$ cat my_file22.json   # JSON, C-alpha atoms (C1' of nucleotides)
[["chain", "number", "residue", "atom", "x", "y", "z"],
["A", 1, "MET", "CA", 40.98, -70.30, 19.88],
["A", 2, "PRO", "CA", 44.49, -70.12, 20.78],
["A", 3, "GLU", "CA", 47.52, -68.52, 19.15],
["A", 4, "LEU", "CA", 48.79, -65.09, 20.10],
["A", 5, "PRO", "CA", 46.27, -63.08, 18.05],
["A", 6, "GLU", "CA", 43.27, -64.93, 19.44],
["A", 7, "VAL", "CA", 44.55, -64.59, 22.98],
["A", 8, "GLU", "CA", 45.22, -60.88, 22.44],
["A", 9, "ILE", "CA", 41.70, -60.33, 21.11],
["A", 10, "LEU", "CA", 40.29, -62.27, 24.04],
["A", 11, "ALA", "CA", 42.30, -60.15, 26.48],
["A", 12, "ARG", "CA", 40.96, -56.95, 24.94],
["A", 13, "HIS", "CA", 37.45, -58.36, 25.09],
["A", 14, "LEU", "CA", 37.63, -59.45, 28.72],
["A", 15, "ARG", "CA", 39.62, -56.55, 30.17],
["A", 16, "PRO", "CA", 36.77, -54.03, 30.49],
["A", 17, "LEU", "CA", 34.28, -56.73, 31.44],
["A", 18, "LEU", "CA", 36.33, -57.97, 34.37],
["A", 19, "ARG", "CA", 37.84, -54.77, 35.72],
["A", 20, "GLY", "CA", 36.46, -54.07, 39.17],
["A", 21, "GLN", "CA", 34.50, -57.32, 39.37],
["A", 22, "THR", "CA", 34.73, -59.23, 42.63],
["A", 23, "ILE", "CA", 34.70, -62.99, 42.77],
["A", 24, "ARG", "CA", 31.91, -64.15, 45.08],
["A", 25, "ARG", "CA", 32.41, -67.84, 44.59],
["A", 26, "VAL", "CA", 34.82, -70.16, 42.78],
["A", 27, "LEU", "CA", 33.43, -73.33, 41.23],
["A", 28, "VAL", "CA", 35.92, -75.86, 39.98],
["A", 29, "ARG", "CA", 34.45, -78.61, 37.87],
["A", 30, "ARG", "CA", 37.76, -79.93, 36.50],
["A", 31, "GLU", "CA", 40.46, -79.82, 39.08],
["A", 32, "LYS", "CA", 43.22, -80.81, 36.66],
["A", 33, "VAL", "CA", 43.20, -77.41, 34.94],
["A", 34, "LEU", "CA", 44.48, -75.81, 38.16],
["A", 35, "ARG", "CA", 47.64, -77.86, 38.17],
["A", 36, "PRO", "CA", 49.83, -77.62, 40.11],
["A", 37, "THR", "CA", 47.85, -75.31, 42.40],
["A", 38, "PRO", "CA", 45.86, -77.25, 45.01],
["A", 39, "LEU", "CA", 42.10, -76.75, 44.83],
["A", 40, "ARG", "CA", 41.82, -75.39, 48.35],
["A", 41, "ARG", "CA", 44.50, -72.76, 47.89],
["A", 42, "PHE", "CA", 42.97, -71.73, 44.56],
["A", 43, "GLN", "CA", 39.55, -71.19, 46.09],
["A", 44, "LYS", "CA", 40.83, -69.60, 49.26],
["A", 45, "THR", "CA", 43.05, -67.13, 47.43],
["A", 46, "LEU", "CA", 40.51, -66.05, 44.82],
["A", 47, "THR", "CA", 37.25, -65.96, 46.73],
["A", 48, "GLY", "CA", 36.58, -62.31, 47.51],
["A", 49, "ALA", "CA", 39.33, -61.05, 45.21],
["A", 50, "THR", "CA", 38.77, -58.24, 42.70],
["A", 51, "PHE", "CA", 40.04, -58.15, 39.11],
["A", 52, "THR", "CA", 42.25, -55.12, 38.62],
["A", 53, "GLY", "CA", 44.02, -55.81, 35.34],
["A", 54, "LEU", "CA", 44.57, -58.22, 32.49],
["A", 55, "THR", "CA", 47.61, -58.59, 30.25],
["A", 56, "ARG", "CA", 48.84, -61.12, 27.71],
["A", 57, "ARG", "CA", 52.26, -62.73, 27.41],
["A", 58, "GLY", "CA", 52.71, -65.10, 24.47],
["A", 59, "LYS", "CA", 49.64, -67.32, 24.59],
["A", 60, "TYR", "CA", 49.16, -66.75, 28.31],
["A", 61, "LEU", "CA", 46.66, -64.46, 30.00],
["A", 62, "LEU", "CA", 47.77, -62.80, 33.22],
["A", 63, "PHE", "CA", 44.91, -61.71, 35.46],
["A", 64, "LYS", "CA", 45.80, -59.32, 38.27],
["A", 65, "LEU", "CA", 43.65, -59.43, 41.36],
["A", 66, "LYS", "CA", 43.56, -57.59, 44.62],
["A", 67, "THR", "CA", 42.76, -60.03, 47.36],
["A", 68, "ARG", "CA", 40.62, -59.00, 50.31],
["A", 69, "THR", "CA", 42.95, -60.38, 52.93],
["A", 70, "ALA", "CA", 46.57, -59.97, 51.86],
["A", 71, "ALA", "CA", 48.55, -56.91, 50.83],
["A", 72, "GLN", "CA", 50.18, -58.11, 47.62],
["A", 73, "PRO", "CA", 48.17, -58.45, 44.44],
["A", 74, "VAL", "CA", 47.79, -61.95, 43.05],
["A", 75, "THR", "CA", 48.37, -63.09, 39.47],
["A", 76, "LEU", "CA", 46.19, -65.74, 37.93],
["A", 77, "LEU", "CA", 47.67, -67.42, 34.86],
["A", 78, "GLY", "CA", 45.43, -68.68, 32.07],
["A", 79, "HIS", "CA", 46.22, -70.76, 29.01],
["A", 80, "LEU", "CA", 43.62, -72.01, 26.55],
["A", 81, "GLY", "CA", 45.40, -75.13, 25.37],
["A", 82, "MET", "CA", 43.86, -76.31, 22.12],
["A", 83, "THR", "CA", 40.17, -75.79, 22.79],
["A", 84, "GLY", "CA", 39.82, -73.38, 25.70],
["A", 85, "ARG", "CA", 37.47, -70.40, 25.76],
["A", 86, "MET", "CA", 36.67, -67.74, 28.30],
["A", 87, "PHE", "CA", 33.63, -65.53, 28.49],
["A", 88, "VAL", "CA", 31.55, -63.37, 30.78],
["A", 89, "ALA", "CA", 27.83, -64.07, 30.74],
["A", 90, "PRO", "CA", 24.75, -63.54, 32.90],
["A", 91, "ARG", "CA", 24.65, -65.80, 35.91],
["A", 92, "THR", "CA", 21.40, -67.29, 34.75],
["A", 93, "GLY", "CA", 21.39, -69.86, 32.00],
["A", 94, "SER", "CA", 23.13, -73.15, 31.63],
["A", 95, "LEU", "CA", 26.87, -73.75, 31.65],
["A", 96, "PRO", "CA", 28.64, -75.32, 28.72],
["A", 97, "LYS", "CA", 29.21, -79.04, 28.95],
["A", 98, "HIS", "CA", 32.95, -78.64, 29.49],
["A", 99, "ALA", "CA", 32.97, -75.66, 31.83],
["A", 100, "ALA", "CA", 36.11, -76.23, 33.89],
["A", 101, "VAL", "CA", 36.14, -73.22, 36.22],
["A", 102, "VAL", "CA", 33.37, -70.73, 36.97],
["A", 103, "PHE", "CA", 33.87, -67.49, 38.90],
["A", 104, "GLU", "CA", 30.61, -66.11, 40.19],
["A", 105, "LEU", "CA", 30.68, -62.33, 40.04],
["A", 106, "GLY", "CA", 27.73, -60.05, 40.83],
["A", 107, "ARG", "CA", 24.95, -60.83, 38.44],
["A", 108, "LYS", "CA", 27.43, -62.21, 35.96],
["A", 109, "ARG", "CA", 29.86, -65.04, 35.83],
["A", 110, "PHE", "CA", 33.24, -65.57, 34.24],
["A", 111, "VAL", "CA", 33.57, -69.00, 32.67],
["A", 112, "TYR", "CA", 36.60, -70.91, 31.51],
["A", 113, "GLU", "CA", 35.54, -73.88, 29.42],
["A", 114, "ASP", "CA", 37.78, -76.30, 27.61],
["A", 115, "THR", "CA", 36.59, -79.34, 25.69],
["A", 116, "ARG", "CA", 39.85, -81.20, 25.86],
["A", 117, "TYR", "CA", 41.10, -79.74, 29.15],
["A", 118, "PHE", "CA", 44.60, -79.16, 27.84],
["A", 119, "GLY", "CA", 44.54, -75.58, 29.10],
["A", 120, "ARG", "CA", 45.23, -74.22, 32.55],
["A", 121, "LEU", "CA", 44.02, -71.68, 35.05],
["A", 122, "THR", "CA", 46.51, -71.56, 37.86],
["A", 123, "LEU", "CA", 48.36, -69.53, 40.46],
["A", 124, "ASP", "CA", 51.66, -71.07, 39.35],
["A", 125, "LEU", "CA", 53.48, -68.64, 37.08],
["A", 126, "THR", "CA", 56.46, -70.79, 36.19],
["A", 127, "ALA", "CA", 55.46, -71.42, 32.59],
["A", 128, "SER", "CA", 55.15, -67.77, 31.58],
["A", 129, "GLY", "CA", 58.64, -67.07, 32.90],
["A", 130, "LYS", "CA", 60.28, -69.28, 30.30],
["A", 131, "LEU", "CA", 59.00, -67.40, 27.31],
["A", 132, "GLY", "CA", 61.08, -65.72, 24.64],
["A", 133, "PRO", "CA", 60.46, -62.17, 23.41],
["A", 134, "GLU", "CA", 57.06, -60.84, 22.45],
["A", 135, "PRO", "CA", 57.05, -60.89, 18.65],
["A", 136, "LEU", "CA", 55.31, -57.53, 18.38],
["A", 137, "ALA", "CA", 57.53, -55.80, 20.91],
["A", 138, "ALA", "CA", 60.80, -54.00, 20.36],
["A", 139, "ASP", "CA", 63.01, -56.66, 21.92],
["A", 140, "PHE", "CA", 62.19, -59.15, 19.16],
["A", 141, "THR", "CA", 65.09, -57.96, 17.04],
["A", 142, "THR", "CA", 66.68, -59.42, 13.94],
["A", 143, "GLU", "CA", 69.90, -59.77, 15.92],
["A", 144, "SER", "CA", 68.41, -61.77, 18.79],
["A", 145, "PHE", "CA", 66.28, -63.85, 16.43],
["A", 146, "ALA", "CA", 69.28, -64.66, 14.22],
["A", 147, "ARG", "CA", 71.42, -65.50, 17.22],
["A", 148, "GLU", "CA", 68.86, -67.95, 18.58],
["A", 149, "LEU", "CA", 68.26, -69.57, 15.20],
["A", 150, "LYS", "CA", 71.99, -70.11, 14.78],
["A", 151, "ARG", "CA", 72.05, -72.34, 17.83],
["A", 152, "SER", "CA", 69.92, -75.08, 16.32],
["A", 153, "ARG", "CA", 69.99, -77.46, 13.42],
["A", 154, "GLN", "CA", 66.31, -78.24, 13.79],
["A", 155, "ALA", "CA", 63.94, -77.31, 10.99],
["A", 156, "VAL", "CA", 62.97, -73.66, 11.22],
["A", 157, "LYS", "CA", 59.25, -74.51, 11.39],
["A", 158, "ILE", "CA", 59.84, -76.50, 14.55],
["A", 159, "LYS", "CA", 61.88, -73.69, 16.06],
["A", 160, "LEU", "CA", 59.06, -71.22, 15.41],
["A", 161, "LEU", "CA", 56.87, -73.31, 17.70],
["A", 162, "ASP", "CA", 59.50, -73.13, 20.44],
["A", 163, "GLN", "CA", 58.04, -70.57, 22.86],
["A", 164, "THR", "CA", 61.48, -69.77, 24.28],
["A", 165, "LEU", "CA", 62.59, -68.53, 20.85],
["A", 166, "VAL", "CA", 59.64, -66.23, 20.32],
["A", 167, "ALA", "CA", 56.41, -66.30, 22.32],
["A", 168, "GLY", "CA", 53.00, -66.84, 20.79],
["A", 169, "VAL", "CA", 53.50, -68.43, 17.37],
["A", 170, "GLY", "CA", 51.51, -71.63, 16.95],
["A", 171, "ASN", "CA", 51.09, -74.24, 14.27],
["A", 172, "ILE", "CA", 48.87, -72.21, 11.96],
["A", 173, "TYR", "CA", 50.74, -68.91, 11.97],
["A", 174, "ALA", "CA", 54.09, -70.70, 11.73],
["A", 175, "SER", "CA", 53.12, -72.03, 8.29],
["A", 176, "GLU", "CA", 51.66, -68.67, 7.32],
["A", 177, "ALA", "CA", 54.75, -66.71, 8.35],
["A", 178, "LEU", "CA", 57.12, -69.06, 6.51],
["A", 179, "PHE", "CA", 55.02, -68.78, 3.36],
["A", 180, "ARG", "CA", 55.05, -64.99, 3.46],
["A", 181, "ALA", "CA", 58.78, -64.98, 4.10],
["A", 182, "ARG", "CA", 59.32, -67.47, 1.26],
["A", 183, "VAL", "CA", 61.39, -69.69, 3.53],
["A", 184, "SER", "CA", 61.04, -73.46, 3.46],
["A", 185, "PRO", "CA", 59.75, -74.93, 6.73],
["A", 186, "ARG", "CA", 62.29, -77.74, 6.29],
["A", 187, "LEU", "CA", 65.32, -75.49, 6.25],
["A", 188, "ALA", "CA", 67.61, -76.00, 9.25],
["A", 189, "ALA", "CA", 67.38, -73.01, 11.58],
["A", 190, "ASN", "CA", 71.13, -72.38, 11.54],
["A", 191, "ARG", "CA", 71.21, -72.35, 7.74],
["A", 192, "LEU", "CA", 69.00, -69.33, 7.23],
["A", 193, "LYS", "CA", 70.73, -66.44, 5.50],
["A", 194, "LEU", "CA", 70.47, -63.06, 7.17],
["A", 195, "ASP", "CA", 67.97, -61.80, 4.61],
["A", 196, "GLN", "CA", 65.80, -64.86, 5.26],
["A", 197, "VAL", "CA", 65.92, -64.16, 8.98],
["A", 198, "LYS", "CA", 64.89, -60.59, 8.31],
["A", 199, "ARG", "CA", 62.02, -61.63, 6.08],
["A", 200, "LEU", "CA", 60.87, -64.24, 8.59],
["A", 201, "ARG", "CA", 60.92, -61.85, 11.50],
["A", 202, "ARG", "CA", 58.93, -59.34, 9.52],
["A", 203, "ALA", "CA", 56.50, -62.03, 8.32],
["A", 204, "VAL", "CA", 55.90, -63.28, 11.87],
["A", 205, "ARG", "CA", 55.07, -59.76, 12.97],
["A", 206, "GLU", "CA", 52.85, -59.03, 9.99],
["A", 207, "VAL", "CA", 50.93, -62.28, 10.19],
["A", 208, "LEU", "CA", 50.23, -61.88, 13.91],
["A", 209, "ALA", "CA", 49.43, -58.18, 13.72],
["A", 210, "GLY", "CA", 47.21, -58.76, 10.70],
["A", 211, "ALA", "CA", 45.27, -61.47, 12.50],
["A", 212, "ILE", "CA", 44.72, -59.22, 15.49],
["A", 213, "ALA", "CA", 43.54, -56.40, 13.26],
["A", 214, "GLY", "CA", 41.33, -58.63, 11.13],
["A", 215, "GLY", "CA", 39.90, -60.61, 14.02],
["A", 216, "SER", "CA", 39.20, -57.49, 16.02],
["A", 217, "THR", "CA", 36.77, -56.23, 13.42],
["A", 218, "ILE", "CA", 34.62, -59.34, 13.71],
["A", 219, "PRO", "CA", 32.22, -59.27, 16.65],
["A", 220, "LEU", "CA", 32.98, -61.88, 19.24],
["A", 221, "ASN", "CA", 30.22, -64.20, 20.20],
["A", 222, "PHE", "CA", 31.67, -66.26, 22.98],
["A", 223, "GLY", "CA", 29.39, -68.26, 25.16],
["A", 224, "ALA", "CA", 26.97, -69.14, 22.43],
["A", 225, "GLY", "CA", 29.39, -71.90, 21.60],
["A", 226, "LYS", "CA", 29.72, -71.44, 17.89],
["A", 227, "THR", "CA", 31.77, -68.61, 16.51],
["A", 228, "ASP", "CA", 35.41, -68.96, 16.94],
["A", 229, "GLY", "CA", 36.36, -70.75, 13.77],
["A", 230, "LEU", "CA", 36.23, -67.29, 12.27],
["A", 231, "PHE", "CA", 39.84, -66.57, 13.05],
["A", 232, "TYR", "CA", 41.15, -69.32, 10.92],
["A", 233, "PHE", "CA", 38.69, -70.27, 8.29],
["A", 234, "GLY", "CA", 36.47, -67.28, 7.73],
["A", 235, "SER", "CA", 36.85, -64.83, 4.91],
["A", 236, "VAL", "CA", 37.75, -61.26, 5.51],
["A", 237, "ALA", "CA", 34.62, -59.13, 5.56],
["A", 238, "GLY", "CA", 34.36, -57.53, 2.17],
["A", 239, "ALA", "CA", 36.90, -59.83, 0.58],
["A", 240, "THR", "CA", 36.41, -60.09, -3.13],
["A", 241, "ASP", "CA", 38.42, -63.21, -3.84],
["A", 242, "TYR", "CA", 40.71, -65.77, -2.31],
["A", 243, "TYR", "CA", 43.69, -63.41, -2.37],
["A", 244, "GLU", "CA", 42.09, -61.75, 0.56],
["A", 245, "GLU", "CA", 41.43, -64.88, 2.54],
["A", 246, "ARG", "CA", 43.21, -64.71, 5.84],
["A", 247, "LEU", "CA", 45.13, -67.94, 5.58],
["A", 248, "ARG", "CA", 47.15, -68.55, 2.47],
["A", 249, "VAL", "CA", 48.58, -72.02, 3.05],
["A", 250, "TYR", "CA", 47.28, -73.52, 6.27],
["A", 251, "ASP", "CA", 44.90, -76.42, 5.60],
["A", 252, "ARG", "CA", 45.17, -75.84, 1.86],
["A", 253, "ALA", "CA", 46.96, -79.00, 0.75],
["A", 254, "GLY", "CA", 46.42, -79.59, -2.96],
["A", 255, "GLN", "CA", 45.08, -76.10, -3.58],
["A", 256, "ALA", "CA", 46.78, -73.64, -5.87],
["A", 257, "CYS", "CA", 49.44, -71.41, -4.34],
["A", 258, "VAL", "CA", 48.31, -67.78, -4.51],
["A", 259, "ARG", "CA", 51.74, -66.76, -5.82],
["A", 260, "CYS", "CA", 52.73, -69.44, -8.35],
["A", 261, "ARG", "CA", 49.57, -71.53, -8.78],
["A", 262, "GLY", "CA", 51.46, -74.71, -7.94],
["A", 263, "PRO", "CA", 49.99, -77.14, -5.40],
["A", 264, "ILE", "CA", 50.34, -76.47, -1.67],
["A", 265, "LYS", "CA", 51.90, -79.42, 0.10],
["A", 266, "ARG", "CA", 51.30, -80.90, 3.54],
["A", 267, "ILE", "CA", 54.17, -82.49, 5.42],
["A", 268, "VAL", "CA", 54.53, -83.66, 9.01],
["A", 269, "GLN", "CA", 57.17, -82.19, 11.30],
["A", 270, "ALA", "CA", 57.43, -83.07, 14.98],
["A", 271, "ALA", "CA", 54.07, -84.81, 14.64],
["A", 272, "ARG", "CA", 52.34, -81.61, 13.47],
["A", 273, "SER", "CA", 51.09, -80.65, 10.02],
["A", 274, "THR", "CA", 53.03, -78.09, 8.05],
["A", 275, "PHE", "CA", 51.65, -76.52, 4.87],
["A", 276, "TYR", "CA", 53.87, -74.81, 2.34],
["A", 277, "CYS", "CA", 54.56, -74.13, -1.31],
["A", 278, "PRO", "CA", 57.63, -76.12, -2.46],
["A", 279, "GLN", "CA", 58.05, -73.75, -5.42],
["A", 280, "CYS", "CA", 57.94, -70.44, -3.59],
["A", 281, "GLN", "CA", 59.57, -71.45, -0.34],
["A", 282, "ILE", "CA", 63.24, -72.06, -1.00],
["A", 283, "PHE", "CA", 64.82, -75.00, 0.73],
["B", 1, "DC", "C1'", 36.62, -98.12, 12.55],
["B", 2, "DA", "C1'", 40.29, -94.59, 10.91],
["B", 3, "DC", "C1'", 42.51, -90.21, 11.10],
["B", 4, "DC", "C1'", 42.76, -85.44, 12.21],
["B", 5, "DA", "C1'", 42.77, -81.22, 15.37],
["B", 6, "DT", "C1'", 44.76, -73.87, 17.21],
["B", 7, "DG", "C1'", 49.30, -76.84, 22.75],
["B", 8, "DT", "C1'", 52.55, -78.27, 26.16],
["B", 9, "DT", "C1'", 55.22, -81.48, 28.74],
["B", 10, "DC", "C1'", 57.43, -85.62, 29.70],
["B", 11, "DC", "C1'", 60.01, -89.64, 28.44],
["B", 12, "DT", "C1'", 63.38, -92.32, 25.95],
["B", 13, "DT", "C1'", 67.18, -92.90, 22.93],
["B", 14, "DG", "C1'", 71.18, -91.45, 20.81],
["C", 1, "DC", "C1'", 73.72, -80.21, 27.44],
["C", 2, "DC", "C1'", 71.15, -81.13, 22.76],
["C", 3, "DA", "C1'", 68.20, -83.33, 19.01],
["C", 4, "DA", "C1'", 64.60, -86.20, 17.56],
["C", 5, "DG", "C1'", 60.75, -89.04, 18.01],
["C", 6, "DG", "C1'", 56.91, -90.59, 20.40],
["C", 7, "DA", "C1'", 53.38, -90.54, 23.71],
["C", 8, "DA", "C1'", 50.42, -88.51, 26.86],
["C", 9, "DC", "C1'", 46.68, -85.50, 28.18],
["C", 10, "DA", "C1'", 40.82, -85.71, 26.39],
["C", 11, "DT", "C1'", 37.16, -84.89, 23.29],
["C", 12, "DG", "C1'", 34.97, -84.20, 19.07],
["C", 13, "DG", "C1'", 34.63, -83.71, 13.92],
["C", 14, "DT", "C1'", 34.79, -85.85, 9.47]]

$ encode --input "my_file22.json" --output "structure tokens"
Amino acid sequence: MPELPEVEILARHLRPLLRGQTIRRVLVRREKVLRPTPLRRFQKTLTGATFTGLTRRGKYLLFKLKTRTAAQPVTLLGHLGMTGRMFVAPRTGSLPKHAAVVFELGRKRFVYEDTRYFGRLTLDLTASGKLGPEPLAADFTTESFARELKRSRQAVKIKLLDQTLVAGVGNIYASEALFRARVSPRLAANRLKLDQVKRLRRAVREVLAGAIAGGSTIPLNFGAGKTDGLFYFGSVAGATDYYEERLRVYDRAGQACVRCRGPIKRIVQAARSTFYCPQCQIF
DNA sequence: CACCATGTTCCTTG
DNA sequence: CCAAGGAACATGGT
């Protein structure tokens, strides 16, 4: 699932399903995803609590709950890691193999499953406090972005993955944004010209907003365990050719660039794949 | 068997 | 303090 657009779509999907639902029982099948919250505190705090709201910050989900006992509302922090999913389903039926946490609601249940268990569901909010600006919000300005980029000699692709610089960009959309901005992923962050910074900021926003808009039109089918590759590898409904494919460079090594027809290249930066067009993206 | 994978954090070395 | 590289976490797909 998980970069900002997928998390945003998930938040919109879950929000109306969870609002007003009370947790009857908390089943934890993989204690490590709660870290660092102790199992007992997690269960004690959330049993009997009612979901009142759900927001997103970067790639994090923030569930607001009103507990039965205490006055203050509680925030539950979720992160999907690489392979996490969340869905609401009838309480009957079998759980997925890697269901990590299950909240029993009335006749439904809310399931967090995660094949690799890199994600988290926790009462510790520390991680979300270290995030940079929301890329789609007003405080992600050219000025602040340029100022932060100036502070580093690291390759700009690596900086885009730094969640304290801007929150929510992951490995796929980092390559996509750099391609649309025509900026080389290898360029040192502090060497970007102002117009490159402007194009990159705009590209980040467009790529993320476009993915939210495109993904939102495709019906979600969580729980069945099959359809979430659609965000990355599916075609746009009604697309007539590859120009309308959602991803223009990611996972397209060797394929023709949609702008210049030259081959897309794959390189490795900070142990992650980067895809780009060496012709179009100026070093 | 090999290598790859949408993420984050920790560790070491310089 | 920072940068860079590597490994760890854990499982599955090709």

$ residues_around --input "my_file22.json" --residues "DA10 in chain C" --least-positions-apart "5" --cutoff "12 Å" --atoms "all atoms listed in the file" --output "JSON, numbers by chain"
{"A": [32, 81, 82, 83, 98, 114, 115, 116, 117, 118, 119]}

$ interface_residues --input "my_file22.json" --of "chain B" --to "chain A" --cutoff "8 Å" --atoms "only C-alpha atoms (C1' of nucleotides)" --output "PDB file with C-alpha atoms (C1' of nucleotides), in the coordinates of the input"
ATOM      1  C1'  DT B   6      44.760 -73.870  17.210  1.00  0.00           C
ATOM      2  C1'  DG B   7      49.300 -76.840  22.750  1.00  0.00           C
ATOM      3  C1'  DT B   8      52.550 -78.270  26.160  1.00  0.00           C
TER       4       DT B   8
END

$ interface_residues --input "my_file22.json" --of "chain C" --to "chain A" --cutoff "8 Å" --atoms "all atoms listed in the file" --output "list in words"
DA3, DG5, DC9, DA10 and DT11 of chain C

$ write_last_selection --input "my_file22.json" --atoms "C-alpha atoms (C1' of nucleotides)" --output "compact mmCIF listing (two decimals), keeping the file's coordinate frame"
# COMPACT_ATOMS: atom_id res chain seq x y z
C1' DA C 3 68.20 -83.33 19.01
C1' DG C 5 60.75 -89.04 18.01
C1' DC C 9 46.68 -85.50 28.18
C1' DA C 10 40.82 -85.71 26.39
C1' DT C 11 37.16 -84.89 23.29

$ atom_distance --input "my_file22.json" --atom1 "CA of Pro36 in chain A" --atom2 "CA of Thr122 in chain A"
7.3 Å

$ closest_residue --input "my_file22.json" --among "A:Ser128, A:Thr47, A:Thr37, A:Thr92" --to "Gly168 in chain A" --atoms "all atoms listed in the file"
A:Ser128
